[in-house]
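A quick write-up on the structure given underneath.
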Amino acid sequence: MPCVSPEGRFLLERPGWWEVSKDQGALVLVAPDTGAGFRAQVVLAREPGVSDVALEQVTGDRLDQLSGALDDFQLIDRAPAVLSSKPAQRVLIACREHSLSVTIEQWWAVTPSGVLSVSAVAPTMEYDAFADVFAHVAATLQVTEHD
């Protein structure tokens, strides 16, 4: 059964996770509780009104924001990607959330109705267990455009 965002714009195959929020156009999925404390999660969102900028500018702006906002920010990988059949950028980042080391994988693409993003986060020591799920969510995401 696919997940659908509040506006019906995001469709993806649910990887056995729970929807916890459909807030302001965002769809938040959390992993089943493993008892480890921090639960891996994926957030799908669109930033409306940002559609007339180049992907490289969005990428630079996002990396600047992330490096300023995250403790011990470390860019591990940056590569071109595809998100909902649009050219996209994918980054892999390590940082610290309080005393926990986390890994963040993000994809973003510029669409006619705004910047589409998928943000996935897991404790760094558990990232390998979630990497395929994160990639699957990004690969199966389908977006319908509404004006």
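Note on naming: chains are A, B, ... as they come in the structure tokens, residues start from 1 per chain, ligands start from 1 in the order shown.
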
Region 28-92 of chain A residues near region 126-133 of chain A within 12 Å, closest pair each, using only C-alpha atoms, as a Markdown table:
| residue | atom | partner | partner_atom | distance |
| --- | --- | --- | --- | --- |
| A:Leu29 | CA | A:Val133 | CA | 11.5 |
| A:Val30 | CA | A:Phe130 | CA | 11.3 |
| A:Ala31 | CA | A:Phe130 | CA | 9.0 |
| A:Pro32 | CA | A:Phe130 | CA | 11.4 |
| A:Thr34 | CA | A:Glu126 | CA | 10.7 |
| A:Ala36 | CA | A:Glu126 | CA | 9.7 |
| A:Gly37 | CA | A:Glu126 | CA | 11.8 |
| A:Phe38 | CA | A:Glu126 | CA | 10.3 |
| A:Arg39 | CA | A:Glu126 | CA | 9.9 |
| A:Ala40 | CA | A:Phe130 | CA | 7.7 |
| A:Gln41 | CA | A:Phe130 | CA | 9.5 |
| A:Val42 | CA | A:Val133 | CA | 9.6 |
| A:Leu92 | CA | A:Ala131 | CA | 10.6 |

Item checked: Selection: 10 Å around Asp77 (chain A), only C-alpha atoms, excl. self and same-chain fewer than 5 positions, as a PyMOL selection string -> chain A and resi 90-94+105

What would the file look like if the residues just selected were written as a compact mmCIF listing (two decimals), in the first residue's frame with N, CA and C atoms?
# COMPACT_ATOMS: atom_id res chain seq x y z
N ARG A 90 22.33 13.96 -4.46
CA ARG A 90 22.29 13.11 -3.27
C ARG A 90 23.53 13.40 -2.44
N VAL A 91 23.35 13.55 -1.13
CA VAL A 91 24.48 13.74 -0.23
C VAL A 91 24.39 12.74 0.92
N LEU A 92 25.52 12.40 1.43
CA LEU A 92 25.62 11.55 2.62
C LEU A 92 26.45 12.33 3.63
N ILE A 93 25.91 12.49 4.83
CA ILE A 93 26.52 13.34 5.84
C ILE A 93 26.60 12.59 7.16
N ALA A 94 27.68 12.79 7.88
CA ALA A 94 27.78 12.30 9.26
C ALA A 94 27.78 13.54 10.16
N GLU A 105 21.18 10.91 4.91
CA GLU A 105 21.23 10.80 3.46
C GLU A 105 20.10 11.66 2.92

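CA of His136 (chain A) is found 27.3 Å from CA of Gly49 (chain A).
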
Notebook entry, point to check: When you draw a straight line from CA of Val115 (chain A) to CA of Leu100 (chain A), how long is it in Å?
Noted result: 29.0 Å

Note to self: as a ChimeraX atom specification, please: every residue in region 52-137 of chain A that a backbone DSSP assignment puts in strand (DSSP E).
What the structure shows: /A:71-83,86-97,100-111,114-123

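With CA of Ser84 (chain A) on one side and CA of Pro123 (chain A) on the other, the separation reads 26.4 Å.
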
Check: Excluding same-chain residues fewer than 4 positions from region 51-59 of chain A, what lies within 7 Å of it counting only C-alpha atoms, as a PyMOL selection string?
Finding: chain A and resi 63+109-115

Deliver the residues from the most recent selection as a file, using N, CA and C atoms, as an mmCIF file, in the first residue's frame.
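Written output follows (part34.cif):
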data_model
loop_
_atom_site.group_PDB
_atom_site.id
_atom_site.type_symbol
_atom_site.label_atom_id
_atom_site.label_comp_id
_atom_site.auth_asym_id
_atom_site.auth_seq_id
_atom_site.Cartn_x
_atom_site.Cartn_y
_atom_site.Cartn_z
ATOM 1 N N LEU A 63 23.886 22.676 1.488
ATOM 2 C CA LEU A 63 25.101 22.243 2.190
ATOM 3 C C LEU A 63 25.576 23.323 3.158
ATOM 4 N N ALA A 109 15.574 17.758 -5.571
ATOM 5 C CA ALA A 109 15.419 18.077 -6.987
ATOM 6 C C ALA A 109 14.552 19.322 -7.102
ATOM 7 N N VAL A 110 14.793 20.114 -8.142
ATOM 8 C CA VAL A 110 13.971 21.287 -8.412
ATOM 9 C C VAL A 110 12.861 20.863 -9.360
ATOM 10 N N THR A 111 11.609 21.109 -8.956
ATOM 11 C CA THR A 111 10.442 20.763 -9.778
ATOM 12 C C THR A 111 9.656 22.048 -10.054
ATOM 13 N N PRO A 112 8.705 22.011 -10.984
ATOM 14 C CA PRO A 112 7.921 23.216 -11.258
ATOM 15 C C PRO A 112 7.183 23.781 -10.042
ATOM 16 N N SER A 113 6.891 22.946 -9.060
ATOM 17 C CA SER A 113 6.162 23.458 -7.892
ATOM 18 C C SER A 113 7.036 23.575 -6.644
ATOM 19 N N GLY A 114 8.350 23.496 -6.772
ATOM 20 C CA GLY A 114 9.230 23.706 -5.633
ATOM 21 C C GLY A 114 10.339 22.679 -5.536
ATOM 22 N N VAL A 115 11.147 22.813 -4.501
ATOM 23 C CA VAL A 115 12.232 21.859 -4.268
ATOM 24 C C VAL A 115 11.661 20.651 -3.539
#
